[in-house]
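Enquirer: Next comes the structure file protein-v1.txt, holding compact mmCIF, C-alpha atoms.
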```
# COMPACT_ATOMS: atom_id res chain seq x y z
CA MET E 341 5.51 19.34 0.39
CA ARG E 342 2.96 16.94 -1.10
CA ARG E 343 -0.37 17.04 0.67
CA ARG E 344 -1.07 13.87 2.60
CA SER E 345 -4.18 11.74 2.62
CA LEU E 346 -6.77 12.43 5.31
CA LEU E 347 -8.16 8.90 5.28
CA LEU E 348 -6.13 7.24 7.99
CA SER E 349 -7.82 6.75 11.33
CA VAL E 350 -4.56 6.67 13.29
CA PRO E 351 -1.09 8.10 12.60
CA ALA E 352 1.09 5.88 10.44
CA GLY E 353 4.15 4.30 11.95
CA LEU E 354 7.46 4.12 10.16
CA VAL E 355 8.56 0.53 9.91
CA THR E 356 11.82 0.23 8.01
CA LEU E 357 14.16 -2.61 7.25
CA ALA E 358 15.88 -1.76 10.50
CA ALA E 359 12.97 -3.63 12.09
CA CYS E 360 13.23 -6.75 9.93
CA GLY E 361 11.67 -9.70 11.63
CA ASN E 362 10.33 -7.67 14.54
CA ASP E 363 7.07 -6.41 13.04
CA GLU E 364 4.51 -8.58 14.81
CA SER E 365 1.60 -7.26 12.78
CA GLY E 366 3.45 -7.79 9.54
CA SER E 367 2.27 -4.55 8.02
CA SER E 368 3.91 -1.18 7.94
CA LYS E 369 2.02 1.97 7.15
CA ALA E 370 3.18 4.31 4.46
CA SER E 371 4.83 7.39 5.86
CA GLU E 372 3.27 9.47 3.07
CA SER E 373 -0.23 8.93 4.46
CA PRO E 374 -0.59 9.76 8.16
CA SER E 375 -3.77 11.48 9.30
CA PRO E 376 -3.22 15.12 10.32
CA SER E 377 -5.92 14.74 12.98
CA ALA E 378 -6.11 11.16 14.04
CA ALA E 379 -9.26 9.54 15.33
CA ALA E 380 -9.05 6.96 18.09
CA PRO E 381 -9.19 3.31 17.01
CA SER E 382 -12.83 2.48 16.37
CA SER E 383 -14.97 0.26 18.57
CA ALA E 384 -18.11 1.00 16.56
CA PRO E 385 -20.51 -1.85 15.80
CA SER E 386 -20.67 -3.34 12.33
CA PRO E 387 -22.90 -1.12 10.19
CA LYS E 388 -25.85 -1.90 8.01
CA ILE E 389 -25.05 -1.36 4.33
CA VAL E 390 -27.83 0.35 2.35
CA SER E 391 -28.09 1.54 -1.25
CA GLY E 392 -28.86 5.23 -0.66
CA PRO E 393 -29.50 8.05 -0.65
CA LEU E 394 -26.34 9.24 -2.45
CA PRO E 395 -25.66 12.53 -4.26
CA GLU E 396 -25.42 12.59 -8.06
CA ILE E 397 -22.04 12.58 -9.79
CA THR E 398 -22.54 15.47 -12.20
CA ALA E 399 -19.21 15.52 -14.07
CA GLY E 400 -16.09 13.39 -14.38
CA THR E 401 -18.27 10.32 -14.72
CA GLU E 402 -15.70 7.99 -16.27
CA PHE E 403 -13.50 5.67 -14.23
CA GLY E 404 -10.27 7.48 -13.34
CA GLU E 405 -11.67 10.96 -13.99
CA LYS E 406 -11.89 13.42 -11.10
CA PRO E 407 -15.60 13.47 -10.26
CA THR E 408 -17.78 16.42 -9.42
CA VAL E 409 -20.42 15.43 -6.86
CA ALA E 410 -23.59 17.33 -6.01
CA LYS E 411 -24.29 18.46 -2.45
CA GLY E 412 -26.30 16.00 -0.42
CA SER E 413 -30.06 16.45 -0.59
CA GLY E 414 -32.05 16.01 2.59
CA ALA E 415 -30.85 13.95 5.51
CA PRO E 416 -28.16 11.34 4.88
CA SER E 417 -28.60 7.73 5.91
CA LYS E 418 -27.57 6.81 9.43
CA ASP E 419 -26.14 3.64 7.88
CA ILE E 420 -23.36 3.36 5.31
CA ALA E 421 -24.83 3.89 1.85
CA VAL E 422 -22.89 2.25 -0.98
CA LYS E 423 -23.40 2.15 -4.74
CA THR E 424 -21.30 0.55 -7.47
CA VAL E 425 -21.39 3.30 -10.10
CA ILE E 426 -19.14 1.47 -12.55
CA ALA E 427 -18.71 -2.30 -12.14
CA GLY E 428 -15.21 -3.65 -12.52
CA SER E 429 -14.14 -7.19 -13.33
CA GLY E 430 -11.02 -7.51 -11.20
CA ARG E 431 -10.37 -9.48 -8.03
CA THR E 432 -12.89 -9.19 -5.20
CA ILE E 433 -11.73 -6.97 -2.33
CA ALA E 434 -11.55 -8.56 1.12
CA GLU E 435 -10.92 -7.28 4.64
CA ASN E 436 -7.19 -6.66 5.25
CA ASP E 437 -6.41 -6.41 1.54
CA PHE E 438 -4.39 -3.47 0.27
CA VAL E 439 -6.15 -1.34 -2.32
CA GLN E 440 -4.79 1.09 -4.85
CA ALA E 441 -7.36 3.75 -5.57
CA HIS E 442 -8.07 7.32 -6.59
CA TYR E 443 -10.71 9.01 -4.48
CA LEU E 444 -12.53 12.23 -3.71
CA GLY E 445 -14.11 13.05 -0.35
CA GLN E 446 -16.58 15.79 0.48
CA ILE E 447 -19.00 16.77 3.23
CA TRP E 448 -22.65 15.80 2.69
CA VAL E 449 -24.33 18.95 3.94
CA THR E 450 -22.06 21.54 2.28
CA GLY E 451 -20.60 19.69 -0.70
CA LYS E 452 -17.16 20.95 0.35
CA VAL E 453 -14.35 18.76 -1.01
CA PHE E 454 -11.89 18.10 1.82
CA ASP E 455 -9.51 15.69 0.08
CA ASN E 456 -8.83 14.08 -3.29
CA SER E 457 -6.03 12.11 -4.87
CA TYR E 458 -6.76 13.07 -8.46
CA ASP E 459 -5.13 16.50 -8.09
CA ARG E 460 -2.06 14.87 -6.55
CA LYS E 461 -1.90 12.58 -9.60
CA ALA E 462 -1.03 9.72 -7.29
CA PRO E 463 -3.45 6.99 -6.15
CA LEU E 464 -3.62 5.97 -2.53
CA VAL E 465 -2.24 2.55 -1.57
CA ILE E 466 -3.55 1.48 1.82
CA GLN E 467 -4.64 -1.56 3.80
CA LEU E 468 -8.31 -2.07 4.63
CA SER E 469 -7.66 -3.04 8.22
CA GLN E 470 -9.02 -1.73 11.50
CA GLY E 471 -6.92 1.12 12.86
CA THR E 472 -5.36 1.82 9.46
CA ILE E 473 -8.19 3.55 7.61
CA ILE E 474 -11.58 4.92 8.58
CA ASP E 475 -14.07 2.10 9.10
CA GLY E 476 -16.44 3.33 6.41
CA TRP E 477 -13.98 2.34 3.70
CA ARG E 478 -13.39 -1.09 5.24
CA TYR E 479 -17.08 -1.94 5.19
CA ALA E 480 -18.02 -0.23 1.93
CA LEU E 481 -15.27 -1.70 -0.24
CA ALA E 482 -15.27 -5.28 1.05
CA GLY E 483 -16.88 -7.54 -1.54
CA ARG E 484 -16.53 -5.04 -4.41
CA LYS E 485 -14.28 -5.70 -7.40
CA ALA E 486 -11.13 -3.98 -8.57
CA GLY E 487 -11.83 -1.81 -11.57
CA SER E 488 -15.02 -0.47 -9.98
CA ARG E 489 -16.09 3.07 -9.16
CA ILE E 490 -17.78 3.08 -5.76
CA GLU E 491 -19.75 5.92 -4.21
CA MET E 492 -20.41 5.84 -0.48
CA SER E 493 -21.72 7.98 2.35
CA VAL E 494 -20.13 7.50 5.75
CA PRO E 495 -21.79 8.72 8.98
CA PRO E 496 -19.53 9.98 11.79
CA THR E 497 -19.73 6.65 13.63
CA TRP E 498 -17.68 4.99 10.87
CA GLY E 499 -15.77 8.12 9.86
CA TYR E 500 -13.97 10.48 12.23
CA GLY E 501 -16.36 10.09 15.15
CA THR E 502 -17.74 12.87 17.29
CA GLN E 503 -14.39 14.68 17.32
CA GLY E 504 -14.38 15.15 13.53
CA ASN E 505 -11.22 16.33 11.81
CA ALA E 506 -10.61 20.01 12.43
CA GLN E 507 -7.79 20.39 9.91
CA ALA E 508 -10.01 19.06 7.14
CA GLY E 509 -12.98 21.14 8.27
CA ILE E 510 -14.96 18.04 9.24
CA LYS E 511 -17.32 18.41 12.20
CA GLY E 512 -18.24 15.61 14.55
CA THR E 513 -21.75 15.58 13.07
CA ASP E 514 -20.69 15.46 9.41
CA THR E 515 -21.56 12.59 7.09
CA LEU E 516 -18.90 12.18 4.42
CA VAL E 517 -19.33 11.30 0.76
CA PHE E 518 -16.60 9.49 -1.17
CA VAL E 519 -16.17 8.46 -4.78
CA VAL E 520 -13.49 5.77 -5.06
CA ASP E 521 -11.95 4.38 -8.25
CA VAL E 522 -10.37 1.08 -7.20
CA GLN E 523 -7.51 0.40 -9.58
CA ASP E 524 -6.25 -2.79 -7.98
CA THR E 525 -6.29 -4.88 -4.84
CA PHE E 526 -3.52 -6.96 -3.29
CA ASN E 527 -3.26 -9.63 -0.62
CA SER E 528 -0.64 -11.95 0.83
CA LYS E 529 -0.76 -14.16 -2.28
CA SER E 530 -0.04 -11.35 -4.72
CA SER E 531 3.05 -11.67 -6.90
CA ALA E 532 4.99 -9.92 -9.61
CA LYS E 533 3.45 -9.87 -13.10
CA GLY E 534 5.69 -9.74 -16.13
CA LYS E 535 8.26 -11.47 -18.27
CA ALA E 536 10.97 -13.66 -16.74
CA VAL E 537 14.47 -12.34 -17.41
CA PRO E 538 17.38 -14.77 -17.96
CA GLN E 539 19.67 -15.13 -14.94
CA ASN E 540 22.97 -15.96 -16.61
CA ASN E 541 25.55 -14.69 -14.12
CA ALA E 542 26.87 -17.72 -12.26
CA ASP E 543 28.36 -15.49 -9.56
CA LEU E 544 24.96 -14.10 -8.53
CA PRO E 545 22.08 -15.74 -6.65
CA LYS E 546 19.28 -17.36 -8.64
CA VAL E 547 15.71 -16.43 -7.73
CA GLY E 548 12.61 -18.47 -8.51
CA THR E 549 10.14 -17.12 -11.06
CA ASN E 550 6.94 -18.64 -9.67
CA THR E 551 4.00 -16.22 -9.43
CA ASP E 552 1.60 -18.38 -7.43
CA GLY E 553 1.95 -16.39 -4.22
CA ALA E 554 4.45 -18.80 -2.67
CA ALA E 555 7.87 -17.54 -1.64
CA PRO E 556 10.41 -17.82 -4.47
CA SER E 557 13.56 -19.85 -3.93
CA ILE E 558 16.86 -18.00 -3.54
CA THR E 559 20.00 -20.02 -4.29
CA VAL E 560 23.22 -18.30 -3.28
CA PRO E 561 26.33 -19.37 -5.25
CA LYS E 562 29.55 -20.57 -3.66
CA ALA E 563 31.35 -17.42 -4.69
CA ALA E 564 32.60 -14.22 -3.11
CA ALA E 565 29.89 -11.67 -2.40
CA PRO E 566 29.88 -8.67 -4.73
CA LYS E 567 31.36 -5.47 -3.30
CA LYS E 568 28.83 -3.26 -5.07
CA LEU E 569 25.04 -3.16 -5.05
CA VAL E 570 23.26 -5.57 -7.41
CA ALA E 571 19.69 -4.84 -8.51
CA ASP E 572 18.61 -7.04 -11.41
CA TYR E 573 15.22 -7.94 -12.82
CA VAL E 574 14.09 -11.52 -12.25
CA ILE E 575 10.64 -10.75 -13.66
CA GLU E 576 10.23 -7.44 -15.48
CA GLY E 577 6.83 -5.80 -15.08
CA ASP E 578 5.29 -3.11 -17.25
CA GLY E 579 4.14 -0.65 -14.59
CA PRO E 580 5.41 2.86 -13.89
CA VAL E 581 9.00 3.37 -12.82
CA VAL E 582 9.56 3.65 -9.06
CA LYS E 583 10.88 7.04 -7.95
CA ALA E 584 13.18 7.73 -5.01
CA GLU E 585 10.43 9.56 -3.11
CA ASN E 586 7.82 6.80 -3.57
CA THR E 587 6.25 4.53 -1.02
CA VAL E 588 6.13 0.96 -2.31
CA LEU E 589 3.96 -2.06 -1.54
CA VAL E 590 6.00 -5.25 -1.70
CA GLN E 591 6.39 -8.95 -1.11
CA TYR E 592 9.94 -9.84 -0.15
CA LYS E 593 12.24 -12.51 1.18
CA GLY E 594 15.72 -11.95 2.58
CA VAL E 595 18.58 -14.40 3.07
CA LEU E 596 22.21 -14.08 4.12
CA TRP E 597 24.87 -14.44 1.44
CA ASP E 598 26.93 -16.54 3.84
CA GLY E 599 24.99 -19.79 4.23
CA GLY E 600 21.76 -18.67 2.55
CA LYS E 601 19.79 -18.59 5.82
CA GLU E 602 16.48 -16.76 5.63
CA PHE E 603 16.17 -13.89 8.11
CA ASP E 604 12.97 -12.15 7.03
CA SER E 605 9.97 -12.77 4.78
CA THR E 606 6.55 -11.28 4.17
CA TYR E 607 5.51 -14.70 2.90
CA LYS E 608 6.06 -16.25 6.34
CA ARG E 609 4.18 -13.40 8.02
CA ASP E 610 1.37 -13.93 5.49
CA THR E 611 0.96 -10.23 4.82
CA LEU E 612 2.34 -7.56 2.52
CA THR E 613 4.29 -4.55 3.73
CA SER E 614 4.62 -0.95 2.56
CA PHE E 615 7.25 1.66 3.29
CA SER E 616 8.81 4.84 2.00
CA LEU E 617 12.07 4.41 0.09
CA GLN E 618 13.33 7.36 2.11
CA GLN E 619 13.02 5.29 5.28
CA VAL E 620 14.91 2.11 4.36
CA VAL E 621 18.52 1.03 4.09
CA LYS E 622 20.36 2.57 1.15
CA GLY E 623 20.62 -0.71 -0.72
CA TRP E 624 16.85 -0.99 -0.93
CA ALA E 625 16.34 2.66 -1.84
CA GLU E 626 18.96 2.59 -4.58
CA GLY E 627 18.07 -0.89 -5.78
CA LEU E 628 14.34 -0.32 -6.24
CA THR E 629 14.51 3.23 -7.60
CA GLY E 630 14.16 3.07 -11.38
CA LYS E 631 12.58 -0.38 -11.41
CA LYS E 632 9.10 -0.97 -12.82
CA VAL E 633 6.03 -1.73 -10.74
CA GLY E 634 4.99 -5.34 -11.25
CA SER E 635 8.58 -6.58 -11.24
CA ARG E 636 10.52 -9.07 -9.15
CA VAL E 637 14.00 -7.77 -8.40
CA LEU E 638 17.10 -9.50 -7.05
CA VAL E 639 18.77 -7.05 -4.68
CA VAL E 640 22.20 -7.91 -3.24
CA VAL E 641 23.10 -5.39 -0.54
CA PRO E 642 26.75 -5.05 0.56
CA PRO E 643 27.35 -4.13 4.22
CA ALA E 644 28.06 -0.47 3.43
CA LEU E 645 24.57 -0.09 1.95
CA GLY E 646 22.87 -2.36 4.50
CA TYR E 647 23.38 -2.62 8.23
CA GLY E 648 27.18 -2.55 8.32
CA ASP E 649 28.42 -3.17 11.85
CA ASN E 650 25.05 -2.37 13.45
CA PRO E 651 22.49 -5.04 12.44
CA PRO E 652 19.05 -5.08 14.10
CA PRO E 653 19.11 -6.94 17.44
CA GLY E 654 17.53 -10.36 17.20
CA SER E 655 17.48 -10.35 13.40
CA GLY E 656 20.01 -13.13 12.96
CA ILE E 657 22.14 -10.81 10.83
CA LYS E 658 25.80 -10.63 11.83
CA LYS E 659 27.98 -7.56 11.48
CA ASP E 660 29.18 -6.76 7.97
CA SER E 661 26.78 -9.22 6.34
CA THR E 662 25.90 -9.13 2.66
CA LEU E 663 22.14 -9.49 2.27
CA VAL E 664 20.22 -11.04 -0.61
CA PHE E 665 16.60 -10.13 -1.31
CA SER E 666 13.88 -11.10 -3.72
CA VAL E 667 11.47 -8.16 -3.92
CA ASP E 668 8.13 -8.09 -5.76
CA ILE E 669 7.10 -4.46 -6.36
CA LEU E 670 3.31 -4.57 -6.35
CA ALA E 671 2.45 -0.88 -6.24
CA ALA E 672 4.00 2.54 -5.72
CA MET E 673 2.65 5.90 -4.60
```
Would you mind writing the structure in this file as structure tokens?

Expert:
Amino acid sequence: MRRRSLLLSVPAGLVTLAACGNDESGSSKASESPSPSAAAPSSAPSPKIVSGPLPEITAGTEFGEKPTVAKGSGAPSKDIAVKTVIAGSGRTIAENDFVQAHYLGQIWVTGKVFDNSYDRKAPLVIQLSQGTIIDGWRYALAGRKAGSRIEMSVPPTWGYGTQGNAQAGIKGTDTLVFVVDVQDTFNSKSSAKGKAVPQNNADLPKVGTNTDGAAPSITVPKAAAPKKLVADYVIEGDGPVVKAENTVLVQYKGVLWDGGKEFDSTYKRDTLTSFSLQQVVKGWAEGLTGKKVGSRVLVVVPPALGYGDNPPPGSGIKKDSTLVFSVDILAAM
């Protein structure tokens, strides 16, 4: 089994399409990244951000390389120390954004590495929101730019608290050191990036190709719904191919084939959502597997691969409905 990230402050919930329209927070946490030893939601005060001290990165000094970090020297700061080691030129990170990043974490006093994503060869995709990730990351990354390498030290107050994290070998008195390579950042206005693909089949819905962060239009034809799954590019990105075991970060909009009524949308909730493809209806899992990150995909889900005769209560979806989705695949892990 793939080792899971230790960064989350609380266990991740599994929000699948079975809960369409009922997710009040609008964000679902990736099932691949629950904390093995969850800290309680933080009520710590906002920290002071200082520039040091921070240990030296002695090897793996390029962006994207697994770093080697020296053991901390002397006493660490009681505040959060942050340094931009390599300055990126991407979008500025804000509170509640999702970030895609490689990282390494170790304990200040011993230099023991307790977690890193480089060995897993899969970056973390996570939201910088309270209760989702340790507070140190929220404060240290806000205002930095995508494409940057950030080094930070995080005292217990904004890490795992006085209880520490026993499974990771973190004591309640341990200051943590992280090196974070921020590959990208996403917010509620993020869209697919790629080349528009002609939509020539008159018997299939037409999806808008705007990439301004607004919800694309979905026009359902006056034709019989297809009996089989449809998963076609509307915009084809150039990112890695999504695998069946991945967790994906998406923007999406869903309408009913019959009548074209919208029943769910991340655009209306003004937030992105992430989920494991192993935790969604079959039509989504099969339709997104094999597609490229950065793409917008038209997914038409027949009842047998959707909710069949058991739609979610209160969703507005009737039994045996064919569902039509526009899905922007922003990231995968």

Enquirer: What's the 9 Å shell around Ser457 of chain E, counting all atoms listed in the file, without same-chain residues fewer than 5 positions away, as a list in words?

Expert: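 My list of contacting residues is Ser345, Lys406, Ala441, His442, Tyr443, Leu444, Ala462, Pro463 and Leu464 of chain E.
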
Enquirer: With distances taken over all atoms listed in the file, which of E:Val517, E:Leu468, E:Ala644, E:Ile558 is nearest to Val439 of chain E?

Expert: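 Of the candidates, the smallest distance to Val439 of chain E is held by E:Leu468.
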
Enquirer: Would you kindly return, as a PyMOL selection string, each protein, DNA or RNA residue with an atom no farther than 10 Å from any atom of Pro651 of chain E, considering all atoms listed in the file and excluding same-chain residues fewer than 3 positions away?

Expert: chain E and resi 358-360+643+646-648+654-661

Enquirer: Once you count only C-alpha atoms, which residues end up no further than 10 Å from (0.3, -17.1, -6.9) in the file's frame, shown as a ChimeraX atom specification?

Expert: /E:528-532,550-555

Enquirer: Using C-alpha atoms, can you write the selected residues to a file as a PDB file, keeping the file's coordinate frame?

Expert:
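As written to disk, out-v2.pdb reads:
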```
ATOM      1  CA  SER E 528      -0.640 -11.950   0.830  1.00  0.00           C
ATOM      2  CA  LYS E 529      -0.760 -14.160  -2.280  1.00  0.00           C
ATOM      3  CA  SER E 530      -0.040 -11.350  -4.720  1.00  0.00           C
ATOM      4  CA  SER E 531       3.050 -11.670  -6.900  1.00  0.00           C
ATOM      5  CA  ALA E 532       4.990  -9.920  -9.610  1.00  0.00           C
ATOM      6  CA  ASN E 550       6.940 -18.640  -9.670  1.00  0.00           C
ATOM      7  CA  THR E 551       4.000 -16.220  -9.430  1.00  0.00           C
ATOM      8  CA  ASP E 552       1.600 -18.380  -7.430  1.00  0.00           C
ATOM      9  CA  GLY E 553       1.950 -16.390  -4.220  1.00  0.00           C
ATOM     10  CA  ALA E 554       4.450 -18.800  -2.670  1.00  0.00           C
ATOM     11  CA  ALA E 555       7.870 -17.540  -1.640  1.00  0.00           C
TER      12      ALA E 555
END
```

Enquirer: Please, what distance in Å, to one decimal, runs between atom CA of Thr450 of chain E and atom CA of Ser488 of chain E?

Expert: 26.2 Å

Enquirer: Select, from E:Asp521, E:Asp455, E:Asp668, E:Asp572, the residue with the minimum atom-to-atom distance to Leu638 of chain E, counting all atoms listed in the file.

Expert: E:Asp572

Enquirer: May I ask for the distance between atom CA of Gly634 of chain E and atom CA of Ile473 of chain E, given in Å to one decimal place?

Expert: 24.7 Å

Enquirer: Return the single residue from E:Tyr458, E:Val574, E:Lys511, E:Ile447 that is closest to Asn540 of chain E, with distances computed using all atoms listed in the file.

Expert: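 For Asn540 of chain E, the nearest of the candidates is E:Val574.
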
Enquirer: Which residue, E:Gly483, E:Gly476, E:Gly400, E:Pro393, has the smallest gap to Ile433 of chain E when you use all atoms listed in the file?

Expert: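 Looking only at the distances to Ile433 of chain E, the closest residue turns out to be E:Gly483.
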